[in-house]
file target11.txt (compact mmCIF, N, CA and C atoms)
# COMPACT_ATOMS: atom_id res chain seq x y z
N MET A 1 -5.55 162.77 52.68
CA MET A 1 -6.41 161.86 53.39
C MET A 1 -7.14 162.64 54.48
N SER A 2 -8.43 162.49 54.52
CA SER A 2 -9.25 163.20 55.49
C SER A 2 -9.20 162.51 56.85
N ASP A 3 -9.10 163.33 57.92
CA ASP A 3 -9.08 162.78 59.26
C ASP A 3 -10.38 162.08 59.61
N CYS A 4 -11.50 162.42 58.93
CA CYS A 4 -12.76 161.77 59.23
C CYS A 4 -12.74 160.30 58.83
N LYS A 5 -11.74 159.88 58.04
CA LYS A 5 -11.60 158.48 57.65
C LYS A 5 -10.87 157.67 58.73
N ILE A 6 -10.32 158.35 59.74
CA ILE A 6 -9.57 157.67 60.79
C ILE A 6 -10.28 157.86 62.12
N LYS A 7 -10.44 156.77 62.85
CA LYS A 7 -11.01 156.82 64.19
C LYS A 7 -10.02 156.13 65.13
N LYS A 8 -9.66 156.83 66.21
CA LYS A 8 -8.68 156.28 67.15
C LYS A 8 -9.28 156.16 68.54
N GLY A 9 -8.89 155.12 69.22
CA GLY A 9 -9.23 154.91 70.62
C GLY A 9 -7.96 154.52 71.35
N THR A 10 -8.08 154.26 72.62
CA THR A 10 -6.91 153.89 73.42
C THR A 10 -6.21 152.66 72.84
N ASN A 11 -6.98 151.68 72.39
CA ASN A 11 -6.40 150.42 71.94
C ASN A 11 -6.74 150.05 70.49
N PHE A 12 -7.08 151.05 69.68
CA PHE A 12 -7.37 150.75 68.28
C PHE A 12 -7.19 151.98 67.40
N THR A 13 -7.02 151.71 66.11
CA THR A 13 -7.11 152.72 65.07
C THR A 13 -7.90 152.07 63.94
N ALA A 14 -8.91 152.77 63.42
CA ALA A 14 -9.71 152.28 62.30
C ALA A 14 -9.58 153.28 61.16
N TYR A 15 -9.50 152.77 59.95
CA TYR A 15 -9.36 153.60 58.76
C TYR A 15 -10.36 153.14 57.71
N GLU A 16 -11.08 154.05 57.11
CA GLU A 16 -12.01 153.75 56.03
C GLU A 16 -11.30 154.01 54.71
N SER A 17 -10.96 152.94 53.99
CA SER A 17 -10.18 153.09 52.75
C SER A 17 -11.04 153.43 51.54
N GLY A 18 -12.36 153.35 51.70
CA GLY A 18 -13.25 153.55 50.56
C GLY A 18 -13.57 152.21 49.92
N ALA A 19 -14.52 152.24 49.02
CA ALA A 19 -14.92 151.02 48.31
C ALA A 19 -13.76 150.53 47.46
N CYS A 20 -13.70 149.24 47.24
CA CYS A 20 -12.62 148.67 46.42
C CYS A 20 -12.54 149.32 45.05
N LYS A 21 -13.70 149.73 44.50
CA LYS A 21 -13.70 150.38 43.18
C LYS A 21 -12.95 151.71 43.20
N ASP A 22 -12.77 152.28 44.41
CA ASP A 22 -12.06 153.56 44.55
C ASP A 22 -10.57 153.40 44.85
N TRP A 23 -10.10 152.16 45.05
CA TRP A 23 -8.69 151.95 45.37
C TRP A 23 -7.72 152.46 44.30
N PRO A 24 -8.09 152.49 43.00
CA PRO A 24 -7.15 153.02 42.01
C PRO A 24 -6.75 154.49 42.26
N ALA A 25 -7.56 155.22 43.02
CA ALA A 25 -7.25 156.63 43.29
C ALA A 25 -6.09 156.80 44.28
N HIS A 26 -5.77 155.76 45.04
CA HIS A 26 -4.64 155.84 45.96
C HIS A 26 -3.33 155.81 45.17
N THR A 27 -2.34 156.53 45.64
CA THR A 27 -1.01 156.49 45.01
C THR A 27 0.07 156.55 46.08
N VAL A 28 1.22 155.98 45.78
CA VAL A 28 2.39 156.10 46.65
C VAL A 28 3.59 156.45 45.78
N GLU A 29 4.55 157.10 46.40
CA GLU A 29 5.81 157.44 45.73
C GLU A 29 6.86 156.44 46.22
N LEU A 30 7.47 155.70 45.30
CA LEU A 30 8.50 154.73 45.67
C LEU A 30 9.83 155.12 45.04
N PRO A 31 10.91 155.11 45.84
CA PRO A 31 12.22 155.50 45.33
C PRO A 31 12.61 154.67 44.10
N GLY A 32 13.00 155.34 43.05
CA GLY A 32 13.42 154.68 41.83
C GLY A 32 12.28 154.26 40.91
N LEU A 33 11.05 154.27 41.42
CA LEU A 33 9.91 153.85 40.61
C LEU A 33 8.93 154.98 40.34
N GLY A 34 9.05 156.07 41.11
CA GLY A 34 8.14 157.20 40.94
C GLY A 34 6.80 156.94 41.59
N GLU A 35 5.77 157.58 41.06
CA GLU A 35 4.43 157.46 41.62
C GLU A 35 3.78 156.17 41.12
N ILE A 36 3.30 155.38 42.07
CA ILE A 36 2.64 154.12 41.75
C ILE A 36 1.14 154.28 42.02
N PRO A 37 0.31 154.14 40.97
CA PRO A 37 -1.14 154.27 41.18
C PRO A 37 -1.73 153.01 41.81
N GLY A 38 -2.82 153.18 42.55
CA GLY A 38 -3.56 152.05 43.06
C GLY A 38 -2.93 151.35 44.24
N LYS A 39 -2.07 152.03 44.99
CA LYS A 39 -1.40 151.40 46.14
C LYS A 39 -1.48 152.32 47.33
N LEU A 40 -1.77 151.75 48.49
CA LEU A 40 -1.80 152.51 49.73
C LEU A 40 -1.19 151.66 50.84
N PHE A 41 -0.08 152.14 51.42
CA PHE A 41 0.52 151.49 52.58
C PHE A 41 -0.24 151.92 53.82
N LEU A 42 -0.52 150.98 54.72
CA LEU A 42 -1.34 151.26 55.90
C LEU A 42 -0.54 151.35 57.19
N LYS A 43 0.75 151.06 57.18
CA LYS A 43 1.55 151.06 58.41
C LYS A 43 1.43 152.35 59.20
N ASP A 44 1.69 153.47 58.56
CA ASP A 44 1.65 154.75 59.26
C ASP A 44 0.22 155.18 59.58
N ILE A 45 -0.71 154.91 58.69
CA ILE A 45 -2.11 155.29 58.91
C ILE A 45 -2.68 154.60 60.15
N LEU A 46 -2.39 153.30 60.27
CA LEU A 46 -2.97 152.52 61.37
C LEU A 46 -2.00 152.31 62.54
N GLY A 47 -0.73 152.70 62.38
CA GLY A 47 0.23 152.59 63.47
C GLY A 47 0.73 151.18 63.71
N PHE A 48 0.84 150.37 62.65
CA PHE A 48 1.35 149.00 62.81
C PHE A 48 2.74 149.02 63.41
N THR A 49 3.04 148.05 64.25
CA THR A 49 4.39 147.91 64.82
C THR A 49 5.00 146.54 64.49
N GLY A 50 4.22 145.64 63.91
CA GLY A 50 4.74 144.31 63.63
C GLY A 50 4.58 143.85 62.19
N CYS A 51 4.00 144.71 61.34
CA CYS A 51 3.81 144.32 59.94
C CYS A 51 3.54 145.57 59.10
N GLU A 52 3.51 145.36 57.80
CA GLU A 52 3.03 146.37 56.85
C GLU A 52 1.95 145.70 56.03
N ILE A 53 0.87 146.41 55.79
CA ILE A 53 -0.20 145.93 54.93
C ILE A 53 -0.46 147.02 53.90
N SER A 54 -0.64 146.61 52.65
CA SER A 54 -1.03 147.57 51.63
C SER A 54 -2.26 147.04 50.91
N ILE A 55 -3.11 148.00 50.47
CA ILE A 55 -4.23 147.66 49.61
C ILE A 55 -3.85 148.11 48.21
N ASN A 56 -4.22 147.31 47.21
CA ASN A 56 -3.69 147.52 45.87
C ASN A 56 -4.75 147.30 44.80
N SER A 57 -4.72 148.13 43.77
CA SER A 57 -5.54 147.95 42.59
C SER A 57 -4.64 148.15 41.38
N MET A 58 -4.45 147.09 40.62
CA MET A 58 -3.58 147.16 39.44
C MET A 58 -4.46 147.15 38.20
N ALA A 59 -4.26 148.13 37.34
CA ALA A 59 -5.06 148.26 36.12
C ALA A 59 -4.79 147.11 35.15
N SER A 60 -5.75 146.87 34.29
CA SER A 60 -5.62 145.86 33.24
C SER A 60 -4.35 146.14 32.42
N GLY A 61 -3.55 145.11 32.23
CA GLY A 61 -2.33 145.24 31.43
C GLY A 61 -1.13 145.75 32.19
N ALA A 62 -1.31 146.19 33.43
CA ALA A 62 -0.19 146.74 34.22
C ALA A 62 0.55 145.62 34.94
N GLY A 63 1.72 145.97 35.44
CA GLY A 63 2.51 145.00 36.18
C GLY A 63 3.56 145.68 37.04
N MET A 64 4.08 144.96 38.01
CA MET A 64 5.19 145.45 38.82
C MET A 64 6.38 145.61 37.88
N PRO A 65 7.02 146.78 37.85
CA PRO A 65 8.06 147.02 36.84
C PRO A 65 9.43 146.42 37.15
N ILE A 66 9.62 145.87 38.34
CA ILE A 66 10.94 145.33 38.72
C ILE A 66 10.78 144.03 39.49
N TYR A 67 11.75 143.13 39.31
CA TYR A 67 11.86 141.99 40.22
C TYR A 67 12.38 142.52 41.54
N HIS A 68 11.98 141.88 42.63
CA HIS A 68 12.57 142.24 43.92
C HIS A 68 12.42 141.09 44.90
N LYS A 69 13.20 141.13 45.94
CA LYS A 69 13.06 140.22 47.08
C LYS A 69 13.30 141.04 48.32
N HIS A 70 13.13 140.43 49.49
CA HIS A 70 13.26 141.17 50.74
C HIS A 70 14.43 140.66 51.57
N GLN A 71 14.85 141.46 52.50
CA GLN A 71 15.95 141.08 53.37
C GLN A 71 15.48 140.23 54.55
N GLN A 72 14.35 140.60 55.18
CA GLN A 72 13.87 139.84 56.34
C GLN A 72 12.39 139.54 56.33
N ASN A 73 11.62 140.15 55.45
CA ASN A 73 10.17 140.02 55.53
C ASN A 73 9.60 139.08 54.48
N GLU A 74 8.70 138.19 54.95
CA GLU A 74 7.91 137.39 54.02
C GLU A 74 6.69 138.22 53.65
N GLU A 75 6.08 137.88 52.51
CA GLU A 75 4.88 138.59 52.08
C GLU A 75 3.78 137.58 51.79
N VAL A 76 2.55 138.01 52.06
CA VAL A 76 1.37 137.24 51.71
C VAL A 76 0.52 138.13 50.80
N TYR A 77 0.18 137.61 49.64
CA TYR A 77 -0.66 138.31 48.67
C TYR A 77 -2.04 137.65 48.71
N ILE A 78 -3.08 138.44 48.99
CA ILE A 78 -4.45 137.94 49.04
C ILE A 78 -5.22 138.60 47.90
N PHE A 79 -5.60 137.82 46.90
CA PHE A 79 -6.27 138.37 45.72
C PHE A 79 -7.77 138.36 45.94
N ILE A 80 -8.39 139.53 45.74
CA ILE A 80 -9.82 139.66 46.04
C ILE A 80 -10.69 139.98 44.82
N GLN A 81 -10.06 140.32 43.70
CA GLN A 81 -10.83 140.56 42.47
C GLN A 81 -9.89 140.51 41.28
N GLY A 82 -10.40 140.02 40.16
CA GLY A 82 -9.63 140.02 38.92
C GLY A 82 -8.78 138.77 38.77
N LYS A 83 -7.92 138.80 37.76
CA LYS A 83 -7.02 137.68 37.46
C LYS A 83 -5.66 138.25 37.09
N GLY A 84 -4.64 137.49 37.36
CA GLY A 84 -3.30 137.91 37.02
C GLY A 84 -2.32 136.77 37.20
N GLN A 85 -1.06 137.14 37.26
CA GLN A 85 0.00 136.15 37.46
C GLN A 85 1.04 136.69 38.41
N VAL A 86 1.55 135.81 39.26
CA VAL A 86 2.67 136.10 40.14
C VAL A 86 3.79 135.19 39.69
N GLN A 87 4.99 135.75 39.59
CA GLN A 87 6.16 134.95 39.23
C GLN A 87 7.11 134.95 40.42
N VAL A 88 7.47 133.76 40.89
CA VAL A 88 8.41 133.62 42.00
C VAL A 88 9.54 132.70 41.54
N ASP A 89 10.75 133.22 41.54
CA ASP A 89 11.93 132.45 41.12
C ASP A 89 11.73 131.81 39.74
N GLY A 90 11.05 132.54 38.85
CA GLY A 90 10.83 132.06 37.49
C GLY A 90 9.61 131.17 37.32
N GLU A 91 8.95 130.79 38.40
CA GLU A 91 7.74 129.97 38.30
C GLU A 91 6.51 130.86 38.29
N VAL A 92 5.63 130.65 37.31
CA VAL A 92 4.44 131.48 37.16
C VAL A 92 3.25 130.82 37.86
N ILE A 93 2.56 131.63 38.67
CA ILE A 93 1.38 131.17 39.38
C ILE A 93 0.20 132.01 38.90
N ASP A 94 -0.81 131.37 38.33
CA ASP A 94 -2.03 132.08 37.94
C ASP A 94 -2.81 132.40 39.21
N VAL A 95 -3.29 133.65 39.33
CA VAL A 95 -4.02 134.08 40.53
C VAL A 95 -5.36 134.67 40.12
N GLN A 96 -6.30 134.60 41.06
CA GLN A 96 -7.64 135.14 40.86
C GLN A 96 -8.26 135.35 42.23
N GLU A 97 -9.48 135.87 42.25
CA GLU A 97 -10.19 136.06 43.51
C GLU A 97 -10.12 134.77 44.33
N GLY A 98 -9.63 134.89 45.57
CA GLY A 98 -9.53 133.73 46.45
C GLY A 98 -8.14 133.11 46.51
N THR A 99 -7.25 133.49 45.61
CA THR A 99 -5.88 132.96 45.65
C THR A 99 -5.08 133.69 46.71
N ILE A 100 -4.32 132.93 47.48
CA ILE A 100 -3.43 133.50 48.50
C ILE A 100 -2.05 132.92 48.27
N VAL A 101 -1.05 133.79 48.15
CA VAL A 101 0.32 133.36 47.87
C VAL A 101 1.25 133.90 48.95
N ARG A 102 2.03 133.02 49.59
CA ARG A 102 3.07 133.43 50.54
C ARG A 102 4.42 133.32 49.85
N ILE A 103 5.25 134.35 50.02
CA ILE A 103 6.58 134.35 49.41
C ILE A 103 7.61 134.62 50.50
N THR A 104 8.62 133.76 50.60
CA THR A 104 9.68 133.96 51.58
C THR A 104 10.51 135.19 51.21
N PRO A 105 11.28 135.72 52.14
CA PRO A 105 12.07 136.91 51.83
C PRO A 105 12.96 136.73 50.60
N ASN A 106 13.55 135.56 50.44
CA ASN A 106 14.52 135.35 49.36
C ASN A 106 13.88 135.05 48.01
N GLY A 107 12.56 134.88 47.97
CA GLY A 107 11.88 134.61 46.71
C GLY A 107 11.89 135.84 45.81
N GLU A 108 12.44 135.69 44.63
CA GLU A 108 12.49 136.80 43.66
C GLU A 108 11.12 136.88 42.98
N ARG A 109 10.44 138.02 43.14
CA ARG A 109 9.04 138.12 42.75
C ARG A 109 8.74 139.27 41.80
N ILE A 110 7.67 139.08 41.08
CA ILE A 110 7.08 140.09 40.21
C ILE A 110 5.65 139.64 39.93
N TRP A 111 4.74 140.56 39.58
CA TRP A 111 3.36 140.18 39.30
C TRP A 111 2.77 141.12 38.27
N ARG A 112 1.67 140.65 37.66
CA ARG A 112 1.03 141.45 36.63
C ARG A 112 -0.46 141.14 36.56
N ASN A 113 -1.19 142.09 35.97
CA ASN A 113 -2.60 141.92 35.68
C ASN A 113 -2.70 141.64 34.19
N ASN A 114 -3.00 140.41 33.83
CA ASN A 114 -3.13 140.06 32.42
C ASN A 114 -4.59 139.81 32.06
N SER A 115 -5.50 140.49 32.79
CA SER A 115 -6.93 140.36 32.52
C SER A 115 -7.49 141.70 32.04
N ASN A 116 -8.78 141.73 31.80
CA ASN A 116 -9.45 142.94 31.31
C ASN A 116 -10.13 143.74 32.41
N GLU A 117 -9.91 143.39 33.66
CA GLU A 117 -10.50 144.12 34.78
C GLU A 117 -9.41 144.42 35.81
N PRO A 118 -9.68 145.34 36.73
CA PRO A 118 -8.67 145.65 37.75
C PRO A 118 -8.35 144.41 38.58
N LEU A 119 -7.11 144.29 38.99
CA LEU A 119 -6.65 143.23 39.89
C LEU A 119 -6.54 143.85 41.28
N LEU A 120 -7.40 143.43 42.20
CA LEU A 120 -7.39 143.96 43.56
C LEU A 120 -6.79 142.93 44.50
N TYR A 121 -5.88 143.39 45.36
CA TYR A 121 -5.22 142.47 46.26
C TYR A 121 -4.68 143.22 47.48
N ILE A 122 -4.45 142.46 48.52
CA ILE A 122 -3.89 142.97 49.76
C ILE A 122 -2.55 142.28 49.96
N ILE A 123 -1.53 143.05 50.34
CA ILE A 123 -0.22 142.48 50.64
C ILE A 123 0.06 142.68 52.13
N ILE A 124 0.40 141.59 52.81
CA ILE A 124 0.81 141.65 54.21
C ILE A 124 2.29 141.29 54.26
N GLN A 125 3.07 142.16 54.86
CA GLN A 125 4.52 141.95 54.96
C GLN A 125 4.88 141.89 56.45
N THR A 126 5.53 140.80 56.84
CA THR A 126 5.90 140.63 58.24
C THR A 126 7.23 139.88 58.33
N ARG A 127 7.93 140.09 59.41
CA ARG A 127 9.25 139.47 59.57
C ARG A 127 9.12 137.95 59.61
N GLU A 128 9.90 137.28 58.79
CA GLU A 128 9.88 135.83 58.73
C GLU A 128 10.25 135.23 60.09
N ASN A 129 9.59 134.16 60.47
CA ASN A 129 9.84 133.41 61.71
C ASN A 129 9.61 134.23 62.98
N SER A 130 8.80 135.28 62.92
CA SER A 130 8.57 136.10 64.11
C SER A 130 7.29 135.73 64.87
N LEU A 131 6.46 134.87 64.31
CA LEU A 131 5.18 134.54 64.94
C LEU A 131 5.38 133.44 65.97
N ASN A 132 5.16 133.77 67.24
CA ASN A 132 5.32 132.79 68.32
C ASN A 132 3.98 132.22 68.77
N GLN A 133 2.94 133.01 68.72
CA GLN A 133 1.60 132.58 69.11
C GLN A 133 0.63 133.15 68.09
N TYR A 134 -0.53 132.52 67.96
CA TYR A 134 -1.53 133.03 67.03
C TYR A 134 -2.91 132.55 67.46
N GLY A 135 -3.93 133.17 66.88
CA GLY A 135 -5.31 132.80 67.19
C GLY A 135 -5.58 132.90 68.68
N LEU A 136 -6.39 132.00 69.20
CA LEU A 136 -6.72 132.03 70.62
C LEU A 136 -5.53 131.62 71.49
N GLY A 137 -4.48 131.06 70.89
CA GLY A 137 -3.26 130.76 71.65
C GLY A 137 -2.59 132.01 72.17
N ASP A 138 -2.89 133.16 71.57
CA ASP A 138 -2.34 134.43 71.99
C ASP A 138 -3.39 135.27 72.73
N ALA A 139 -4.57 134.71 72.93
CA ALA A 139 -5.68 135.48 73.49
C ALA A 139 -5.76 135.36 75.01
N VAL A 140 -6.27 136.41 75.62
CA VAL A 140 -6.69 136.39 77.02
C VAL A 140 -8.19 136.64 76.97
N VAL A 141 -8.97 135.72 77.50
CA VAL A 141 -10.42 135.82 77.42
C VAL A 141 -10.97 136.25 78.77
N PRO A 142 -11.45 137.50 78.88
CA PRO A 142 -12.01 137.96 80.15
C PRO A 142 -13.37 137.32 80.42
N GLU A 143 -13.71 137.18 81.67
CA GLU A 143 -15.05 136.68 82.02
C GLU A 143 -16.00 137.87 81.91
N LYS A 144 -16.63 137.97 80.76
CA LYS A 144 -17.45 139.13 80.46
C LYS A 144 -18.54 138.71 79.49
N THR A 145 -19.77 139.14 79.73
CA THR A 145 -20.88 138.84 78.84
C THR A 145 -20.80 139.75 77.61
N VAL A 146 -21.06 139.19 76.45
CA VAL A 146 -21.06 139.97 75.21
C VAL A 146 -22.26 140.91 75.20
N THR A 147 -21.99 142.19 74.95
CA THR A 147 -23.03 143.21 74.90
C THR A 147 -22.77 144.14 73.72
N TRP A 148 -23.79 144.39 72.91
CA TRP A 148 -23.74 145.38 71.84
C TRP A 148 -24.65 146.53 72.26
N PHE A 149 -24.17 147.75 72.10
CA PHE A 149 -24.88 148.91 72.63
C PHE A 149 -25.87 149.53 71.66
N ASN A 150 -25.96 149.09 70.41
CA ASN A 150 -26.97 149.60 69.50
C ASN A 150 -27.33 148.57 68.48
call {"tool": "encode", "arguments": {"input": "target11.txt", "output": "structure tokens"}}
result
Amino acid sequence: MSDCKIKKGTNFTAYESGACKDWPAHTVELPGLGEIPGKLFLKDILGFTGCEISINSMASGAGMPIYHKHQQNEEVYIFIQGKGQVQVDGEVIDVQEGTIVRITPNGERIWRNNSNEPLLYIIIQTRENSLNQYGLGDAVVPEKTVTWFN
């Protein structure tokens, strides 16, 4: 990964992941599963301290090779291209662009791309029941006029 794809400031880190069509080039090594194509974990790249987010591109006909569940983290799957299926506790959910699925830690899950195009999706993993505030309920709004410098 090139450092020119990462920009850091005192209170932010930005990463350019490339166009969605390029997501299949990302790979991760997972214990017991080997190299997984089309997946990139962002926790270390962006310095997350409260969640993990991954960007994913699953090839036509591919699927997660194992059922799994989590010990403490719920997951949210946001599908942005293609069609597929998610199975939770034996129930099959058809997914497509615009489908969002939340799975509790104890939900036994697996998913697949049963279409003829790549299945692109984002997974957000965060500790269940850890959200105390959200949206503007967690915001501090300074008295400051909005200004764009270019």
call {"tool": "select_by_dssp", "arguments": {"input": "target11.txt", "residues": "chain A", "states": "alpha helix (DSSP H)", "output": "MDAnalysis selection string"}}
result
chainID A and resid 43:46
call {"tool": "residues_around", "arguments": {"input": "target11.txt", "residues": "segment 100-110 of chain A", "least_positions_apart": "5", "cutoff": "5 Å", "atoms": "all atoms listed in the file", "output": "PyMOL selection string"}}
result
chain A and resi 67-70+73-78+86-89
call {"tool": "write_last_selection", "arguments": {"input": "target11.txt", "atoms": "N, CA and C atoms", "output": "PDB file, in the frame of the given file"}}
result
ATOM      1  N   TYR A  67      11.750 143.130  39.310  1.00  0.00           N
ATOM      2  CA  TYR A  67      11.860 141.990  40.220  1.00  0.00           C
ATOM      3  C   TYR A  67      12.380 142.520  41.540  1.00  0.00           C
ATOM      4  N   HIS A  68      11.980 141.880  42.630  1.00  0.00           N
ATOM      5  CA  HIS A  68      12.570 142.240  43.920  1.00  0.00           C
ATOM      6  C   HIS A  68      12.420 141.090  44.900  1.00  0.00           C
ATOM      7  N   LYS A  69      13.200 141.130  45.940  1.00  0.00           N
ATOM      8  CA  LYS A  69      13.060 140.220  47.080  1.00  0.00           C
ATOM      9  C   LYS A  69      13.300 141.040  48.320  1.00  0.00           C
ATOM     10  N   HIS A  70      13.130 140.430  49.490  1.00  0.00           N
ATOM     11  CA  HIS A  70      13.260 141.170  50.740  1.00  0.00           C
ATOM     12  C   HIS A  70      14.430 140.660  51.570  1.00  0.00           C
ATOM     13  N   ASN A  73      11.620 140.150  55.450  1.00  0.00           N
ATOM     14  CA  ASN A  73      10.170 140.020  55.530  1.00  0.00           C
ATOM     15  C   ASN A  73       9.600 139.080  54.480  1.00  0.00           C
ATOM     16  N   GLU A  74       8.700 138.190  54.950  1.00  0.00           N
ATOM     17  CA  GLU A  74       7.910 137.390  54.020  1.00  0.00           C
ATOM     18  C   GLU A  74       6.690 138.220  53.650  1.00  0.00           C
ATOM     19  N   GLU A  75       6.080 137.880  52.510  1.00  0.00           N
ATOM     20  CA  GLU A  75       4.880 138.590  52.080  1.00  0.00           C
ATOM     21  C   GLU A  75       3.780 137.580  51.790  1.00  0.00           C
ATOM     22  N   VAL A  76       2.550 138.010  52.060  1.00  0.00           N
ATOM     23  CA  VAL A  76       1.370 137.240  51.710  1.00  0.00           C
ATOM     24  C   VAL A  76       0.520 138.130  50.800  1.00  0.00           C
ATOM     25  N   TYR A  77       0.180 137.610  49.640  1.00  0.00           N
ATOM     26  CA  TYR A  77      -0.660 138.310  48.670  1.00  0.00           C
ATOM     27  C   TYR A  77      -2.040 137.650  48.710  1.00  0.00           C
ATOM     28  N   ILE A  78      -3.080 138.440  48.990  1.00  0.00           N
ATOM     29  CA  ILE A  78      -4.450 137.940  49.040  1.00  0.00           C
ATOM     30  C   ILE A  78      -5.220 138.600  47.900  1.00  0.00           C
ATOM     31  N   VAL A  86       1.550 135.810  39.260  1.00  0.00           N
ATOM     32  CA  VAL A  86       2.670 136.100  40.140  1.00  0.00           C
ATOM     33  C   VAL A  86       3.790 135.190  39.690  1.00  0.00           C
ATOM     34  N   GLN A  87       4.990 135.750  39.590  1.00  0.00           N
ATOM     35  CA  GLN A  87       6.160 134.950  39.230  1.00  0.00           C
ATOM     36  C   GLN A  87       7.110 134.950  40.420  1.00  0.00           C
ATOM     37  N   VAL A  88       7.470 133.760  40.890  1.00  0.00           N
ATOM     38  CA  VAL A  88       8.410 133.620  42.000  1.00  0.00           C
ATOM     39  C   VAL A  88       9.540 132.700  41.540  1.00  0.00           C
ATOM     40  N   ASP A  89      10.750 133.220  41.540  1.00  0.00           N
ATOM     41  CA  ASP A  89      11.930 132.450  41.120  1.00  0.00           C
ATOM     42  C   ASP A  89      11.730 131.810  39.740  1.00  0.00           C
TER      43      ASP A  89
END
call {"tool": "residues_around", "arguments": {"input": "target11.txt", "residues": "Phe48 of chain A", "least_positions_apart": "5", "cutoff": "12 Å", "atoms": "only C-alpha atoms", "output": "MDAnalysis selection string"}}
result
chainID A and resid 12:14 41:43 53:54 124:126
call {"tool": "closest_residue", "arguments": {"input": "target11.txt", "among": "A:Gln71, A:Asn150, A:Asn113, A:Asn11", "to": "Gly47 of chain A", "atoms": "only C-alpha atoms"}}
result
A:Asn11
call {"tool": "residues_around", "arguments": {"input": "target11.txt", "residues": "Ile80 of chain A", "least_positions_apart": "3", "cutoff": "7 Å", "atoms": "all atoms listed in the file", "output": "list of chain:residue names"}}
result
A:Gln96, A:Glu97, A:Gly98, A:Thr99, A:Leu119, A:Leu120, A:Tyr121, A:Ile122
call {"tool": "atom_distance", "arguments": {"input": "target11.txt", "atom1": "atom C of Ala59 of chain A", "atom2": "atom N of Glu91 of chain A"}}
result
21.6 Å
call {"tool": "closest_residue", "arguments": {"input": "target11.txt", "among": "A:Arg127, A:Asn132, A:Gln85, A:Lys5", "to": "Cys51 of chain A", "atoms": "all atoms listed in the file"}}
result
A:Arg127
call {"tool": "atom_distance", "arguments": {"input": "target11.txt", "atom1": "atom N of Asn56 of chain A", "atom2": "atom C of Gly38 of chain A"}}
result
5.2 Å
call {"tool": "residues_around", "arguments": {"input": "target11.txt", "residues": "Thr27 of chain A", "least_positions_apart": "5", "cutoff": "6 Å", "atoms": "only C-alpha atoms", "output": "PyMOL selection string"}}
result
chain A and resi 36-39
call {"tool": "select_by_dssp", "arguments": {"input": "target11.txt", "residues": "segment 2-121 of chain A", "states": "strand (DSSP E)", "output": "ChimeraX atom specification"}}
result
/A:6-9,12-15,27-30,34-37,39-41,51-58,73-81,83-88,91-96,100-103,109-112,119-121
